[in-house]
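Participant: Structure in structure tokens, see below.
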Amino acid sequence: MLRRLTQQEENERRQRSEAIRRKVCRLAAFRRAKTICCYVALPYEVQTRRLIEEMLTKGKRVVVPVTRPRTKRLDLSEVRHPDTELVRGPLGVWEPARSARRPVPVRALDLVLVPGIAFDRRGRRLGHGHGYFDRFLARLPKTTPTVGLAFRFQILDRLPVAAHDHAVRTLLAA
């Protein structure tokens, strides 16, 4: 699946990401949310940069994950100016520079947008195998809506599931 993601044509990725962005913006949970956690996409994932900019324009509080490799944990930081605040983190993922971090507790989140390498139809996800997002999702209040963003080809009938895996409630694809 990772190979298919990395080999997807850039124009196709851009068009599908835009269609997914529009779907996110139509969600009732998105419209109600004041504080949204959104991953900053790797080059082959559903792109989120335009979505992050749109959320900021709409006055939403945008929160992004910060990786903690020693503990394999995700912390959260508010982002106000992605063009100037984001740098490559220890795993190559864009996250706020140390000087720009504004910690946010998980209980403050109204919505969480989640990446994945693959998802099944029940919202279970396959990540990069480090468990960062599973541990993060386990810390969320049960009432916090979670939305997986995927390209259609990433949605499979079944995925191997472990006890520590956490499904997303909603899956949006294009």
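We name chains A, B, ... following the order of the structure tokens; residues begin at 1 in each chain, and ligands are numbered from 1 as shown.
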Skipping near chain neighbours, those fewer than 4 positions away, what residues fall within 12 Å of range 122-133 of chain A using only C-alpha atoms, listed as a PyMOL selection string?

Facilitator: chain A and resi 1-2+37-39+42+45+65-76+91+112-118+137-140+146-150+154-173

Participant: Run DSSP on the backbone and grab whatever in range 23-117 of chain A lands in helix (DSSP H, G or I); send it over as number ranges by chain.

Facilitator: A: 23-26, 28-32, 49-57, 82-85, 98-100, 106-108

Participant: With C-alpha atoms kept, could you save the residues just selected as a PDB file, in the first residue's frame?

Facilitator:
```pdb
ATOM      1  CA  LYS A  23     -15.936  16.572   2.487  1.00  0.00           C
ATOM      2  CA  VAL A  24     -14.257  17.460   5.787  1.00  0.00           C
ATOM      3  CA  CYS A  25     -15.630  21.009   5.618  1.00  0.00           C
ATOM      4  CA  ARG A  26     -19.176  19.665   5.118  1.00  0.00           C
ATOM      5  CA  ALA A  28     -21.321  18.720  11.045  1.00  0.00           C
ATOM      6  CA  ALA A  29     -18.581  17.813  13.534  1.00  0.00           C
ATOM      7  CA  PHE A  30     -16.163  20.051  11.608  1.00  0.00           C
ATOM      8  CA  ARG A  31     -18.568  22.975  11.451  1.00  0.00           C
ATOM      9  CA  ARG A  32     -19.193  22.730  15.228  1.00  0.00           C
ATOM     10  CA  ARG A  49      -1.959  22.101   4.186  1.00  0.00           C
ATOM     11  CA  ARG A  50      -4.861  23.834   2.426  1.00  0.00           C
ATOM     12  CA  LEU A  51      -7.282  22.447   5.013  1.00  0.00           C
ATOM     13  CA  ILE A  52      -5.118  23.792   7.861  1.00  0.00           C
ATOM     14  CA  GLU A  53      -5.021  27.220   6.219  1.00  0.00           C
ATOM     15  CA  GLU A  54      -8.791  27.163   5.724  1.00  0.00           C
ATOM     16  CA  MET A  55      -9.387  26.219   9.361  1.00  0.00           C
ATOM     17  CA  LEU A  56      -7.228  29.136  10.487  1.00  0.00           C
ATOM     18  CA  THR A  57      -9.106  31.496   8.158  1.00  0.00           C
ATOM     19  CA  PRO A  82       2.174  27.113   9.509  1.00  0.00           C
ATOM     20  CA  ASP A  83       4.474  28.740   6.956  1.00  0.00           C
ATOM     21  CA  THR A  84       6.816  30.051   9.639  1.00  0.00           C
ATOM     22  CA  GLU A  85       6.260  27.739  12.626  1.00  0.00           C
ATOM     23  CA  ARG A  98      10.427  24.185  19.769  1.00  0.00           C
ATOM     24  CA  SER A  99      10.211  27.981  19.980  1.00  0.00           C
ATOM     25  CA  ALA A 100       6.721  27.964  18.434  1.00  0.00           C
ATOM     26  CA  VAL A 106      -6.239  16.169  24.422  1.00  0.00           C
ATOM     27  CA  ARG A 107      -9.447  17.022  26.306  1.00  0.00           C
ATOM     28  CA  ALA A 108      -9.501  20.409  24.496  1.00  0.00           C
TER      29      ALA A 108
END
```

Participant: Identify which of the residues A:Phe151, A:Phe119, A:Val64, A:Asp110 lies closest to Tyr44 in chain A, counting only C-alpha atoms when measuring atom-to-atom distances.

Facilitator: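 Of the candidates, the smallest distance to Tyr44 in chain A is held by A:Phe151.
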
Participant: Check range 124-155 of chain A with DSSP on the backbone and list each residue it calls strand (DSSP E or B), as a PyMOL selection string.

Facilitator: chain A and resi 125-126+146-150+155

Participant: Suppose we keep N, CA, C and O atoms; can you now write the selection as a PDB file, in the first residue's frame?

Facilitator:
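The new file again-v5.pdb reads:
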```pdb
ATOM      1  N   ARG A 125      -7.269   1.218  11.319  1.00  0.00           N
ATOM      2  CA  ARG A 125      -6.226   1.790  10.475  1.00  0.00           C
ATOM      3  C   ARG A 125      -4.901   1.069  10.631  1.00  0.00           C
ATOM      4  O   ARG A 125      -4.620   0.472  11.658  1.00  0.00           O
ATOM      5  N   LEU A 126      -4.136   1.172   9.583  1.00  0.00           N
ATOM      6  CA  LEU A 126      -2.770   0.690   9.562  1.00  0.00           C
ATOM      7  C   LEU A 126      -1.897   1.922   9.393  1.00  0.00           C
ATOM      8  O   LEU A 126      -2.066   2.682   8.432  1.00  0.00           O
ATOM      9  N   THR A 146     -13.391  11.269  15.646  1.00  0.00           N
ATOM     10  CA  THR A 146     -12.154  11.003  14.919  1.00  0.00           C
ATOM     11  C   THR A 146     -12.497  10.674  13.470  1.00  0.00           C
ATOM     12  O   THR A 146     -13.432   9.919  13.202  1.00  0.00           O
ATOM     13  N   VAL A 147     -11.758  11.246  12.547  1.00  0.00           N
ATOM     14  CA  VAL A 147     -12.033  11.091  11.125  1.00  0.00           C
ATOM     15  C   VAL A 147     -10.752  10.684  10.406  1.00  0.00           C
ATOM     16  O   VAL A 147      -9.756  11.416  10.438  1.00  0.00           O
ATOM     17  N   GLY A 148     -10.776   9.533   9.757  1.00  0.00           N
ATOM     18  CA  GLY A 148      -9.653   9.095   8.949  1.00  0.00           C
ATOM     19  C   GLY A 148      -9.760   9.679   7.554  1.00  0.00           C
ATOM     20  O   GLY A 148     -10.855   9.693   6.975  1.00  0.00           O
ATOM     21  N   LEU A 149      -8.660  10.160   7.015  1.00  0.00           N
ATOM     22  CA  LEU A 149      -8.634  10.707   5.658  1.00  0.00           C
ATOM     23  C   LEU A 149      -7.833   9.762   4.779  1.00  0.00           C
ATOM     24  O   LEU A 149      -6.703   9.409   5.112  1.00  0.00           O
ATOM     25  N   ALA A 150      -8.455   9.350   3.656  1.00  0.00           N
ATOM     26  CA  ALA A 150      -7.806   8.335   2.822  1.00  0.00           C
ATOM     27  C   ALA A 150      -8.193   8.497   1.356  1.00  0.00           C
ATOM     28  O   ALA A 150      -9.256   9.031   1.034  1.00  0.00           O
ATOM     29  N   ILE A 155      -8.684   2.000   1.212  1.00  0.00           N
ATOM     30  CA  ILE A 155      -9.734   1.359   2.004  1.00  0.00           C
ATOM     31  C   ILE A 155      -9.865  -0.094   1.569  1.00  0.00           C
ATOM     32  O   ILE A 155     -10.164  -0.391   0.417  1.00  0.00           O
TER      33      ILE A 155
END
```

Participant: Enter the distance from CA of Ala174 in chain A to CA of Arg152 in chain A, in Å, rounded to one decimal.

Facilitator: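 Pair CA of Ala174 in chain A / CA of Arg152 in chain A returns 5.3 Å.
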
Participant: With distances taken over only C-alpha atoms, which of A:Val104, A:Thr6, A:Pro96, A:Phe153 is nearest to Val40 in chain A?

Facilitator: A:Pro96

Participant: Residues within 8 Å of Lys34 in chain A, please, as an mmCIF file with C-alpha atoms, in the first residue's frame. Count only C-alpha atoms; anything in the same chain fewer than 5 positions from it doesn't count.

Facilitator:
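As a result, part_13.cif now contains:
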```cif
data_model
loop_
_atom_site.group_PDB
_atom_site.id
_atom_site.type_symbol
_atom_site.label_atom_id
_atom_site.label_comp_id
_atom_site.auth_asym_id
_atom_site.auth_seq_id
_atom_site.Cartn_x
_atom_site.Cartn_y
_atom_site.Cartn_z
ATOM 1 C CA GLY A 59 -11.117 31.121 13.147
ATOM 2 C CA LYS A 60 -10.648 27.535 14.286
ATOM 3 C CA ARG A 61 -7.874 26.605 16.675
ATOM 4 C CA ASP A 110 -13.374 18.884 19.371
#
```

Participant: Please, what distance in Å, to one decimal, runs between CA of Pro145 in chain A and CA of Leu111 in chain A?

Facilitator: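 According to the coordinates, CA of Pro145 in chain A and CA of Leu111 in chain A are separated by 5.1 Å.
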